[in-house]
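S.K.: Questions regarding the structure given below will be posed in turn.
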Amino acid sequence: MTKPIRTEEIEVSMGPLHRGMEKIAEKRTYFQYMPLVDRFDYLAAMLNGALYCMTIEKLAGMEPPRRAEYIRVIMMELNRIASHLVFVGTLGLDLGASTPFIYCFREREEILDLFDLVCGARMTFNYMRPGGVAKDLPPEFAPKCREFLKKMPARLREYDDLLSNNEIFVERMRGVAKIGADEAVNLGLSGPTLRASGVGFDIRRFEPYSVYPEFDFDVAVREEGDCLARYLCRTEEIRQSLRIVQQALDGLPEGPSSTRINMNLKPAAGEVYHHIEGARGEMGCYLVSDGTTTPVRLKWRAPSFSNLAVLTSALPGWKVADSVAIIGSIDVVLGEVDR
Amino acid sequence: MGVIGLGTEGAIVTTRIEQLLNAARSASLWYMLFGLACCAIEMMATGAARYDFDRFGMIFRSSPRQCDLMIVAGTVTKKMAPRVRLLWEQMAEPRYVLAMGGCAVSGGPFYDSYAVVKGVDKIIPVDMYVPGCPPRPEALLQGVLELRRRIAAGELGPRDIESLTAAARAASEAGTETES
(Lines give C-alpha, C1' and ligand atoms only; values in the text may rest on other atoms or scores of the structure.)
Protein backbone atom coordinates (compact mmCIF):
# COMPACT_ATOMS: atom_id res chain seq x y z
CA MET A 1 0.00 0.00 0.00
CA THR A 2 1.27 3.44 -0.83
CA LYS A 3 1.68 5.91 1.95
CA PRO A 4 -0.94 8.69 1.96
CA ILE A 5 0.34 12.13 1.18
CA ARG A 6 0.10 14.33 4.23
CA THR A 7 0.10 18.07 4.64
CA GLU A 8 3.29 19.22 6.33
CA GLU A 9 3.03 22.96 6.29
CA ILE A 10 0.69 25.48 4.82
CA GLU A 11 1.04 29.07 3.80
CA VAL A 12 -2.05 31.23 3.54
CA SER A 13 -2.04 33.64 0.61
CA MET A 14 -4.81 36.18 0.70
CA GLY A 15 -6.02 39.07 -1.38
CA PRO A 16 -7.38 37.75 -4.70
CA LEU A 17 -10.74 39.26 -3.81
CA HIS A 18 -9.48 42.40 -2.11
CA ARG A 19 -11.71 45.17 -3.47
CA GLY A 20 -10.70 47.95 -1.11
CA MET A 21 -14.11 48.17 0.49
CA GLU A 22 -12.90 49.89 3.65
CA LYS A 23 -11.12 52.60 1.66
CA ILE A 24 -14.19 53.18 -0.53
CA ALA A 25 -16.19 53.93 2.64
CA GLU A 26 -14.08 57.05 3.12
CA LYS A 27 -15.31 58.46 -0.20
CA ARG A 28 -19.02 57.76 0.26
CA THR A 29 -21.66 59.21 2.54
CA TYR A 30 -23.13 56.89 5.14
CA PHE A 31 -26.14 56.17 2.91
CA GLN A 32 -24.17 55.83 -0.32
CA TYR A 33 -22.10 53.09 1.26
CA MET A 34 -25.17 51.01 2.16
CA PRO A 35 -25.33 48.92 -1.06
CA LEU A 36 -21.64 48.00 -0.87
CA VAL A 37 -22.10 46.54 2.60
CA ASP A 38 -24.08 43.67 1.07
CA ARG A 39 -21.06 42.62 -1.01
CA PHE A 40 -18.96 42.08 2.12
CA ASP A 41 -20.30 38.70 3.27
CA TYR A 42 -22.55 38.00 0.31
CA LEU A 43 -24.06 34.83 1.72
CA ALA A 44 -25.49 36.70 4.69
CA ALA A 45 -26.04 40.21 3.36
CA MET A 46 -28.93 41.01 5.71
CA LEU A 47 -26.62 40.52 8.67
CA ASN A 48 -24.04 42.91 7.21
CA GLY A 49 -26.68 45.53 6.54
CA ALA A 50 -28.11 45.21 10.02
CA LEU A 51 -24.66 45.46 11.59
CA TYR A 52 -23.78 48.57 9.60
CA CYS A 53 -27.08 50.24 10.50
CA MET A 54 -26.79 49.31 14.17
CA THR A 55 -23.30 50.80 14.25
CA ILE A 56 -24.51 54.07 12.73
CA GLU A 57 -27.44 54.11 15.14
CA LYS A 58 -25.07 53.60 18.06
CA LEU A 59 -22.87 56.44 16.76
CA ALA A 60 -25.76 58.81 16.15
CA GLY A 61 -27.69 57.77 19.27
CA MET A 62 -30.84 56.64 17.46
CA GLU A 63 -33.36 53.94 18.32
CA PRO A 64 -35.26 52.11 15.57
CA PRO A 65 -38.96 51.38 16.21
CA ARG A 66 -39.79 48.02 17.77
CA ARG A 67 -41.44 46.71 14.61
CA ALA A 68 -38.26 47.43 12.66
CA GLU A 69 -36.22 45.50 15.24
CA TYR A 70 -38.51 42.49 14.84
CA ILE A 71 -38.36 42.65 11.05
CA ARG A 72 -34.58 42.83 11.27
CA VAL A 73 -34.44 39.76 13.46
CA ILE A 74 -36.68 37.81 11.06
CA MET A 75 -34.48 38.80 8.12
CA MET A 76 -31.22 38.10 9.92
CA GLU A 77 -32.29 34.65 11.07
CA LEU A 78 -33.72 33.71 7.66
CA ASN A 79 -30.45 34.77 6.11
CA ARG A 80 -28.48 32.76 8.67
CA ILE A 81 -30.50 29.71 7.59
CA ALA A 82 -29.84 30.47 3.91
CA SER A 83 -26.13 30.84 4.59
CA HIS A 84 -25.92 27.59 6.56
CA LEU A 85 -27.82 25.82 3.78
CA VAL A 86 -25.11 26.84 1.32
CA PHE A 87 -22.55 25.54 3.83
CA VAL A 88 -24.27 22.14 4.15
CA GLY A 89 -24.74 21.85 0.38
CA THR A 90 -21.21 22.81 -0.62
CA LEU A 91 -19.62 20.72 2.14
CA GLY A 92 -21.44 17.71 0.75
CA LEU A 93 -20.33 18.67 -2.75
CA ASP A 94 -16.70 18.98 -1.60
CA LEU A 95 -16.85 15.50 -0.11
CA GLY A 96 -18.34 14.02 -3.26
CA ALA A 97 -22.06 14.00 -2.47
CA SER A 98 -23.85 16.12 -5.06
CA THR A 99 -27.45 15.42 -4.02
CA PRO A 100 -27.45 17.48 -0.78
CA PHE A 101 -26.31 20.49 -2.81
CA ILE A 102 -29.42 20.31 -4.99
CA TYR A 103 -31.64 19.77 -1.93
CA CYS A 104 -30.15 22.66 0.06
CA PHE A 105 -30.41 25.05 -2.84
CA ARG A 106 -34.06 24.08 -3.26
CA GLU A 107 -34.80 25.29 0.28
CA ARG A 108 -32.54 28.29 -0.12
CA GLU A 109 -34.58 29.36 -3.14
CA GLU A 110 -37.67 29.45 -0.93
CA ILE A 111 -35.94 31.80 1.51
CA LEU A 112 -34.73 33.93 -1.41
CA ASP A 113 -38.33 34.12 -2.63
CA LEU A 114 -39.27 35.60 0.74
CA PHE A 115 -36.49 38.18 0.45
CA ASP A 116 -37.55 38.85 -3.13
CA LEU A 117 -41.04 39.60 -1.86
CA VAL A 118 -39.75 42.01 0.76
CA CYS A 119 -37.11 43.96 -1.14
CA GLY A 120 -37.00 42.74 -4.73
CA ALA A 121 -33.51 41.25 -4.59
CA ARG A 122 -32.25 37.72 -4.10
CA MET A 123 -28.80 38.24 -2.67
CA THR A 124 -27.74 41.83 -2.31
CA PHE A 125 -30.73 43.36 -0.58
CA ASN A 126 -29.93 46.90 0.51
CA TYR A 127 -32.93 46.51 2.81
CA MET A 128 -31.70 47.77 6.18
CA ARG A 129 -31.59 51.49 6.88
CA PRO A 130 -30.27 53.47 9.82
CA GLY A 131 -33.42 53.97 11.90
CA GLY A 132 -35.34 50.94 10.61
CA VAL A 133 -35.85 49.07 7.37
CA ALA A 134 -36.44 50.33 3.82
CA LYS A 135 -40.01 49.04 3.49
CA ASP A 136 -42.57 47.41 5.72
CA LEU A 137 -43.34 43.74 5.20
CA PRO A 138 -45.91 43.09 2.45
CA PRO A 139 -49.14 41.38 3.67
CA GLU A 140 -48.36 38.14 1.83
CA PHE A 141 -45.02 37.73 3.63
CA ALA A 142 -46.27 36.27 6.93
CA PRO A 143 -48.34 33.40 5.44
CA LYS A 144 -45.55 32.45 3.02
CA CYS A 145 -42.98 32.54 5.80
CA ARG A 146 -45.15 30.38 8.08
CA GLU A 147 -45.54 27.88 5.26
CA PHE A 148 -41.77 27.72 4.94
CA LEU A 149 -41.32 27.27 8.70
CA LYS A 150 -43.78 24.41 8.67
CA LYS A 151 -42.05 22.69 5.74
CA MET A 152 -38.49 23.06 6.98
CA PRO A 153 -38.22 20.51 9.85
CA ALA A 154 -39.10 17.66 7.48
CA ARG A 155 -36.51 18.95 5.00
CA LEU A 156 -33.89 19.02 7.75
CA ARG A 157 -34.60 15.36 8.46
CA GLU A 158 -33.94 14.70 4.76
CA TYR A 159 -30.49 16.27 5.13
CA ASP A 160 -29.87 14.11 8.17
CA ASP A 161 -30.66 11.04 6.09
CA LEU A 162 -28.39 12.23 3.30
CA LEU A 163 -25.44 13.51 5.34
CA SER A 164 -25.59 13.22 9.13
CA ASN A 165 -26.49 9.53 9.01
CA ASN A 166 -24.37 8.82 5.96
CA GLU A 167 -21.53 6.57 7.00
CA ILE A 168 -19.07 7.72 4.33
CA PHE A 169 -19.66 11.36 5.21
CA VAL A 170 -19.43 10.78 8.97
CA GLU A 171 -16.25 8.70 8.66
CA ARG A 172 -14.55 11.46 6.69
CA MET A 173 -15.54 14.06 9.29
CA ARG A 174 -15.41 12.41 12.69
CA GLY A 175 -12.22 13.00 14.64
CA VAL A 176 -10.66 15.01 11.82
CA ALA A 177 -8.79 18.20 12.75
CA LYS A 178 -9.79 18.47 16.39
CA ILE A 179 -9.49 21.94 17.82
CA GLY A 180 -9.36 22.18 21.61
CA ALA A 181 -11.27 24.82 23.54
CA ASP A 182 -8.13 26.70 24.68
CA GLU A 183 -6.63 26.69 21.20
CA ALA A 184 -9.91 27.91 19.71
CA VAL A 185 -10.07 30.83 22.12
CA ASN A 186 -6.40 31.70 21.65
CA LEU A 187 -6.78 31.79 17.87
CA GLY A 188 -9.72 34.16 18.15
CA LEU A 189 -12.23 31.82 16.57
CA SER A 190 -15.89 32.68 16.81
CA GLY A 191 -19.27 31.47 15.70
CA PRO A 192 -20.08 27.80 15.09
CA THR A 193 -16.37 27.05 14.57
CA LEU A 194 -15.75 28.08 18.19
CA ARG A 195 -18.91 26.55 19.61
CA ALA A 196 -18.04 23.18 18.10
CA SER A 197 -14.99 23.16 20.40
CA GLY A 198 -17.11 23.34 23.54
CA VAL A 199 -17.07 27.11 24.12
CA GLY A 200 -20.70 28.23 24.21
CA PHE A 201 -20.07 31.85 23.29
CA ASP A 202 -22.87 33.43 21.29
CA ILE A 203 -23.14 37.23 21.16
CA ARG A 204 -26.92 36.96 20.79
CA ARG A 205 -26.99 35.45 24.27
CA PHE A 206 -24.08 37.01 26.13
CA GLU A 207 -24.08 40.56 24.80
CA PRO A 208 -27.64 40.84 23.54
CA TYR A 209 -28.41 43.41 20.88
CA SER A 210 -31.66 44.32 19.11
CA VAL A 211 -34.60 42.36 20.59
CA TYR A 212 -32.84 39.00 21.03
CA PRO A 213 -33.38 38.84 24.83
CA GLU A 214 -37.12 38.47 24.14
CA PHE A 215 -36.70 35.19 22.27
CA ASP A 216 -36.27 31.72 23.59
CA PHE A 217 -33.51 29.75 21.84
CA ASP A 218 -30.61 27.47 22.68
CA VAL A 219 -27.00 28.09 21.82
CA ALA A 220 -25.78 25.10 19.79
CA VAL A 221 -22.63 23.74 21.45
CA ARG A 222 -20.68 20.55 20.75
CA GLU A 223 -17.78 19.22 22.79
CA GLU A 224 -15.85 17.21 20.18
CA GLY A 225 -14.16 20.04 18.25
CA ASP A 226 -13.81 18.00 15.05
CA CYS A 227 -15.16 18.59 11.55
CA LEU A 228 -18.34 16.65 12.28
CA ALA A 229 -19.04 18.80 15.34
CA ARG A 230 -18.66 21.95 13.26
CA TYR A 231 -21.14 20.57 10.75
CA LEU A 232 -23.64 19.46 13.42
CA CYS A 233 -23.39 22.81 15.19
CA ARG A 234 -24.56 24.57 12.05
CA THR A 235 -27.45 22.20 11.35
CA GLU A 236 -28.56 22.72 14.96
CA GLU A 237 -28.32 26.48 14.44
CA ILE A 238 -30.71 26.21 11.51
CA ARG A 239 -33.25 24.63 13.87
CA GLN A 240 -32.75 27.35 16.48
CA SER A 241 -33.06 30.09 13.87
CA LEU A 242 -36.37 28.58 12.75
CA ARG A 243 -37.57 28.88 16.37
CA ILE A 244 -36.52 32.53 16.54
CA VAL A 245 -38.25 33.39 13.25
CA GLN A 246 -41.42 31.66 14.47
CA GLN A 247 -41.44 33.65 17.71
CA ALA A 248 -40.66 36.92 15.95
CA LEU A 249 -43.49 36.36 13.48
CA ASP A 250 -45.93 35.58 16.29
CA GLY A 251 -44.92 38.60 18.33
CA LEU A 252 -44.51 41.08 15.47
CA PRO A 253 -45.73 44.41 16.91
CA GLU A 254 -47.73 46.98 14.97
CA GLY A 255 -46.37 50.44 14.32
CA PRO A 256 -43.96 52.20 11.99
CA SER A 257 -41.14 50.23 10.39
CA SER A 258 -38.69 53.10 10.27
CA THR A 259 -37.99 56.56 11.61
CA ARG A 260 -37.51 59.49 9.27
CA ILE A 261 -33.90 60.56 9.24
CA ASN A 262 -31.86 62.97 7.20
CA MET A 263 -30.24 61.32 4.18
CA ASN A 264 -27.20 63.55 4.69
CA LEU A 265 -26.56 61.99 8.04
CA LYS A 266 -23.90 63.76 10.10
CA PRO A 267 -23.23 61.80 13.28
CA ALA A 268 -21.37 63.69 16.02
CA ALA A 269 -17.59 63.23 16.05
CA GLY A 270 -16.54 60.08 17.83
CA GLU A 271 -15.80 56.42 17.36
CA VAL A 272 -17.83 53.32 17.98
CA TYR A 273 -17.50 49.54 17.72
CA HIS A 274 -20.47 47.25 17.43
CA HIS A 275 -20.54 43.51 16.91
CA ILE A 276 -23.21 40.93 16.20
CA GLU A 277 -23.34 37.17 15.84
CA GLY A 278 -22.89 36.71 12.10
CA ALA A 279 -23.48 33.47 10.24
CA ARG A 280 -19.79 32.65 10.57
CA GLY A 281 -18.96 34.28 13.89
CA GLU A 282 -18.34 37.61 15.49
CA MET A 283 -18.96 40.26 12.87
CA GLY A 284 -17.81 43.70 13.95
CA CYS A 285 -17.83 47.19 12.55
CA TYR A 286 -15.60 49.98 13.82
CA LEU A 287 -16.61 53.43 12.68
CA VAL A 288 -14.90 56.78 13.24
CA SER A 289 -16.76 59.98 12.51
CA ASP A 290 -15.49 63.57 12.44
CA GLY A 291 -18.94 65.10 12.26
CA THR A 292 -19.11 65.28 8.44
CA THR A 293 -21.21 63.22 6.01
CA THR A 294 -18.44 60.67 5.33
CA PRO A 295 -16.75 58.36 7.82
CA VAL A 296 -13.08 58.95 8.57
CA ARG A 297 -12.41 55.25 8.98
CA LEU A 298 -14.45 52.12 8.68
CA LYS A 299 -13.07 48.76 9.72
CA TRP A 300 -14.76 45.40 9.42
CA ARG A 301 -14.05 42.57 11.83
CA ALA A 302 -14.60 39.61 9.53
CA PRO A 303 -15.18 36.25 11.24
CA SER A 304 -13.98 34.24 8.22
CA PHE A 305 -10.67 36.10 8.25
CA SER A 306 -10.01 35.28 11.89
CA ASN A 307 -11.27 31.73 11.54
CA LEU A 308 -8.82 31.13 8.66
CA ALA A 309 -5.97 31.43 11.18
CA VAL A 310 -6.82 27.97 12.47
CA LEU A 311 -5.78 26.34 9.19
CA THR A 312 -2.05 26.74 9.90
CA SER A 313 -2.40 24.47 12.92
CA ALA A 314 -5.37 22.32 11.86
CA LEU A 315 -4.18 21.15 8.44
CA PRO A 316 -0.61 19.86 9.06
CA GLY A 317 -0.50 16.16 9.85
CA TRP A 318 -3.72 15.32 8.04
CA LYS A 319 -4.01 13.74 4.62
CA VAL A 320 -4.28 16.11 1.69
CA ALA A 321 -7.70 14.63 0.93
CA ASP A 322 -8.84 15.65 4.43
CA SER A 323 -7.99 19.29 3.79
CA VAL A 324 -11.16 19.54 1.69
CA ALA A 325 -13.25 18.55 4.71
CA ILE A 326 -11.28 20.77 7.09
CA ILE A 327 -11.45 23.92 4.96
CA GLY A 328 -15.09 23.21 4.16
CA SER A 329 -16.01 22.76 7.81
CA ILE A 330 -14.72 26.24 8.71
CA ASP A 331 -17.14 27.80 6.20
CA VAL A 332 -15.03 30.53 4.69
CA VAL A 333 -16.56 33.28 2.57
CA LEU A 334 -13.80 34.99 0.65
CA GLY A 335 -15.62 38.24 0.09
CA GLU A 336 -15.37 38.63 3.83
CA VAL A 337 -11.77 37.49 4.17
CA ASP A 338 -10.33 39.89 1.59
CA ARG A 339 -12.97 42.61 1.66
CA MET B 1 -29.05 24.28 -44.40
CA GLY B 2 -31.13 22.55 -47.01
CA VAL B 3 -33.19 19.35 -46.86
CA ILE B 4 -33.47 17.05 -49.87
CA GLY B 5 -36.00 14.23 -50.15
CA LEU B 6 -37.97 13.80 -46.91
CA GLY B 7 -39.00 10.19 -47.51
CA THR B 8 -39.47 7.02 -45.50
CA GLU B 9 -35.82 6.15 -46.19
CA GLY B 10 -34.67 9.23 -44.23
CA ALA B 11 -33.67 12.70 -45.23
CA ILE B 12 -30.57 14.09 -46.83
CA VAL B 13 -29.39 17.36 -45.35
CA THR B 14 -26.97 19.61 -47.13
CA THR B 15 -24.96 22.01 -45.02
CA ARG B 16 -21.55 23.53 -44.60
CA ILE B 17 -19.30 21.81 -42.11
CA GLU B 18 -18.93 25.04 -40.09
CA GLN B 19 -22.69 25.27 -39.68
CA LEU B 20 -22.87 21.72 -38.45
CA LEU B 21 -20.02 22.26 -36.02
CA ASN B 22 -21.51 25.51 -34.75
CA ALA B 23 -24.87 23.84 -34.17
CA ALA B 24 -23.12 21.13 -32.17
CA ARG B 25 -21.02 23.63 -30.22
CA SER B 26 -23.97 25.74 -29.22
CA ALA B 27 -25.84 22.72 -27.86
CA SER B 28 -23.24 21.58 -25.33
CA LEU B 29 -21.40 24.49 -23.78
CA TRP B 30 -19.38 23.13 -20.90
CA TYR B 31 -18.53 25.96 -18.59
CA MET B 32 -15.67 26.47 -16.23
CA LEU B 33 -16.46 26.49 -12.54
CA PHE B 34 -14.92 29.86 -12.04
CA GLY B 35 -16.64 31.87 -9.36
CA LEU B 36 -14.91 34.92 -8.00
CA ALA B 37 -17.44 36.64 -5.74
CA CYS B 38 -21.15 37.13 -5.13
CA CYS B 39 -22.10 36.26 -8.73
CA ALA B 40 -20.62 32.80 -8.21
CA ILE B 41 -23.41 32.02 -5.76
CA GLU B 42 -26.00 33.04 -8.34
CA MET B 43 -24.17 30.92 -10.92
CA MET B 44 -24.39 27.98 -8.48
CA ALA B 45 -28.09 28.71 -7.97
CA THR B 46 -28.54 28.70 -11.75
CA GLY B 47 -26.86 25.31 -11.89
CA ALA B 48 -28.98 23.94 -9.03
CA ALA B 49 -32.50 22.56 -8.96
CA ARG B 50 -34.81 25.42 -9.85
CA TYR B 51 -33.05 26.90 -12.88
CA ASP B 52 -31.04 23.86 -13.97
CA PHE B 53 -28.26 24.58 -16.44
CA ASP B 54 -28.09 20.89 -17.33
CA ARG B 55 -31.15 21.07 -19.54
CA PHE B 56 -29.15 23.25 -21.96
CA GLY B 57 -26.40 20.67 -22.12
CA MET B 58 -24.27 22.79 -19.82
CA ILE B 59 -22.18 20.98 -17.24
CA PHE B 60 -19.53 22.58 -15.07
CA ARG B 61 -15.99 21.39 -15.46
CA SER B 62 -13.11 22.07 -13.13
CA SER B 63 -10.34 22.02 -15.71
CA PRO B 64 -9.95 24.74 -18.35
CA ARG B 65 -8.87 22.08 -20.86
CA GLN B 66 -12.38 20.60 -20.87
CA CYS B 67 -14.26 23.88 -21.10
CA ASP B 68 -15.85 25.78 -23.96
CA LEU B 69 -17.22 28.68 -21.97
CA MET B 70 -15.70 30.77 -19.24
CA ILE B 71 -18.32 32.50 -17.11
CA VAL B 72 -16.39 35.21 -15.30
CA ALA B 73 -18.66 35.50 -12.27
CA GLY B 74 -17.52 38.20 -9.90
CA THR B 75 -15.02 40.94 -9.23
CA VAL B 76 -11.69 40.60 -11.04
CA THR B 77 -9.06 42.22 -8.86
CA LYS B 78 -5.59 43.20 -9.96
CA LYS B 79 -4.16 40.28 -8.00
CA MET B 80 -6.55 37.84 -9.67
CA ALA B 81 -6.21 39.20 -13.24
CA PRO B 82 -3.05 37.25 -14.26
CA ARG B 83 -4.68 34.02 -13.09
CA VAL B 84 -7.86 34.76 -15.10
CA ARG B 85 -5.75 35.39 -18.17
CA LEU B 86 -3.74 32.18 -17.62
CA LEU B 87 -6.90 30.07 -17.30
CA TRP B 88 -8.30 31.60 -20.47
CA GLU B 89 -5.08 30.83 -22.32
CA GLN B 90 -5.31 27.22 -21.16
CA MET B 91 -8.73 26.76 -22.75
CA ALA B 92 -8.85 25.14 -26.18
CA GLU B 93 -10.41 26.87 -29.22
CA PRO B 94 -13.26 27.45 -29.84
CA ARG B 95 -13.66 29.24 -26.53
CA TYR B 96 -16.18 31.77 -25.41
CA VAL B 97 -16.23 34.21 -22.53
CA LEU B 98 -19.31 35.50 -20.72
CA ALA B 99 -18.85 38.40 -18.33
CA MET B 100 -21.39 38.00 -15.56
CA GLY B 101 -22.32 40.91 -13.34
CA GLY B 102 -21.41 44.56 -13.05
CA CYS B 103 -17.89 43.91 -11.76
CA ALA B 104 -16.87 41.69 -14.68
CA VAL B 105 -18.58 44.01 -17.17
CA SER B 106 -17.10 47.32 -16.03
CA GLY B 107 -15.97 47.23 -12.42
CA GLY B 108 -19.53 47.73 -11.22
CA PRO B 109 -19.98 49.14 -7.73
CA PHE B 110 -16.20 49.13 -7.29
CA TYR B 111 -15.65 51.53 -10.19
CA ASP B 112 -13.44 53.79 -8.07
CA SER B 113 -11.53 51.10 -6.20
CA TYR B 114 -7.75 50.96 -6.41
CA ALA B 115 -7.72 47.16 -6.43
CA VAL B 116 -10.27 46.23 -9.09
CA VAL B 117 -9.85 45.69 -12.85
CA LYS B 118 -12.55 47.80 -14.49
CA GLY B 119 -14.06 45.07 -16.60
CA VAL B 120 -12.65 41.68 -17.53
CA ASP B 121 -12.54 42.74 -21.22
CA LYS B 122 -9.39 44.67 -20.30
CA ILE B 123 -7.56 41.33 -20.09
CA ILE B 124 -9.50 38.82 -22.21
CA PRO B 125 -11.95 39.17 -25.13
CA VAL B 126 -15.59 38.93 -24.02
CA ASP B 127 -18.40 37.55 -26.20
CA MET B 128 -21.39 38.27 -24.02
CA TYR B 129 -22.12 40.72 -21.22
CA VAL B 130 -24.76 40.07 -18.57
CA PRO B 131 -25.23 43.13 -16.35
CA GLY B 132 -26.71 43.06 -12.87
CA CYS B 133 -25.38 43.01 -9.35
CA PRO B 134 -25.63 40.08 -9.26
CA PRO B 135 -27.76 39.20 -12.33
CA ARG B 136 -30.73 37.03 -11.51
CA PRO B 137 -30.49 33.44 -12.78
CA GLU B 138 -33.06 34.33 -15.44
CA ALA B 139 -30.71 37.04 -16.75
CA LEU B 140 -27.78 34.63 -16.85
CA LEU B 141 -29.92 32.08 -18.70
CA GLN B 142 -30.94 34.69 -21.23
CA GLY B 143 -27.31 35.66 -21.74
CA VAL B 144 -26.39 32.03 -22.32
CA LEU B 145 -29.29 31.50 -24.72
CA GLU B 146 -28.27 34.57 -26.69
CA LEU B 147 -24.69 33.30 -26.77
CA ARG B 148 -25.93 29.95 -28.07
CA ARG B 149 -27.93 31.68 -30.77
CA ARG B 150 -24.90 33.67 -31.88
CA ILE B 151 -22.68 30.60 -31.90
CA ALA B 152 -25.21 28.62 -33.95
CA ALA B 153 -25.56 31.54 -36.38
CA GLY B 154 -21.81 31.54 -36.88
CA GLU B 155 -21.36 35.05 -35.51
CA LEU B 156 -18.74 33.93 -33.03
CA GLY B 157 -15.51 32.00 -33.28
CA PRO B 158 -13.71 30.05 -34.39
CA ARG B 159 -13.70 33.21 -36.43
CA ASP B 160 -11.64 32.00 -39.38
CA ILE B 161 -11.03 28.28 -39.72
CA GLU B 162 -8.99 28.65 -42.90
CA SER B 163 -6.45 31.05 -41.49
CA LEU B 164 -6.27 29.07 -38.25
CA THR B 165 -5.59 25.89 -40.26
CA ALA B 166 -3.03 27.69 -42.38
CA ALA B 167 -1.33 29.04 -39.27
CA ALA B 168 -1.28 25.58 -37.69
CA ARG B 169 0.11 24.06 -40.90
CA ALA B 170 2.77 26.73 -41.12
CA ALA B 171 3.71 26.14 -37.50
CA SER B 172 3.97 22.38 -37.96
CA GLU B 173 5.97 22.80 -41.17
CA ALA B 174 8.32 25.16 -39.41
CA GLY B 175 8.62 22.54 -36.66
CA THR B 176 9.50 19.72 -39.07
CA GLU B 177 12.06 21.91 -40.83
CA THR B 178 13.90 22.71 -37.66
CA GLU B 179 13.82 19.05 -36.62
CA SER B 180 15.23 17.71 -39.92
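If you're wondering about the labels, chains in the C-alpha coordinates are A, B, ... by order shown, residues count from 1 in each chain, ligands from 1 in order shown.
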Please identify every residue of chain A that has at least one atom no farther than 6 Å from an atom of chain B, counting only C-alpha atoms, and for each give the shortest atom pair and the distance in Å to one decimal, arranged by chain then increasing number, as JSON lines.
M.R.:
{"residue": "A:Pro16", "atom": "CA", "partner": "B:Met80", "partner_atom": "CA", "distance": 5.0}
{"residue": "A:Arg19", "atom": "CA", "partner": "B:Ala115", "partner_atom": "CA", "distance": 5.4}
{"residue": "A:Tyr42", "atom": "CA", "partner": "B:Cys38", "partner_atom": "CA", "distance": 5.7}
{"residue": "A:Ile102", "atom": "CA", "partner": "B:Ala48", "partner_atom": "CA", "distance": 5.5}
S.K.: For Asn166 of chain A, please output as a ChimeraX atom specification all residues within 12 Å (counting only C-alpha atoms; exclusion window: fewer than 5 positions along the same chain).
M.R.: /A:92,95,97,100,158-161,171-174,228
S.K.: Just to confirm, what's the straight-line distance from atom CA of Ile81 of chain A to atom CA of Pro64 of chain A in Å (one decimal)?
M.R.: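 Atom CA of Pro64 of chain A lies 24.3 Å from atom CA of Ile81 of chain A.
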S.K.: Residues near Arg155 of chain A, anyone? I mean within 12 Å using only C-alpha atoms, not counting same-chain ones fewer than 2 positions away, as a PyMOL selection string.
M.R.: chain A and resi 85+100+103-108+148-153+157-162+235+238-239
S.K.: Could you name the residues that touch Phe31 of chain A at 12 Å or less, counting only C-alpha atoms, but leaving out those on the same chain fewer than 4 positions away, as a list of chain:residue names?
M.R.: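 Listing them by chain and then by number gives A:Ala25, A:Lys27, A:Pro35, A:Leu36, A:Val37, A:Gly49, A:Tyr52, A:Cys53, A:Ile56, A:Asn126, A:Tyr127, A:Met128, A:Arg129, A:Pro130, A:Gly131, A:Ala134, A:Ile261, A:Asn262, A:Met263, A:Asn264, A:Leu265, A:Lys266, A:Thr293, A:Thr294, A:Pro295.
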S.K.: Within 9 Å of segment 114-119 of chain A, counting only C-alpha atoms, which residues show up once you throw out same-chain ones fewer than 2 positions away? Write them as a PyMOL selection string, please.
M.R.: chain A and resi 75+78-79+109-112+121-123+125-127+134-138+140-141+144-145
S.K.: Would you return as a PyMOL selection string the members of segment 14-168 of chain A that DSSP assigns to helix (DSSP H, G or I) on this structure's backbone?
M.R.: chain A and resi 21-27+34-37+45-60+66-94+99-119+141-164+167-168
S.K.: Please report, as a PyMOL selection string, each residue of segment 48-286 of chain A to which DSSP assigns strand (DSSP E or B) when run on this structure's backbone.
M.R.: chain A and resi 128-129+132-133+258+270-277+282-286
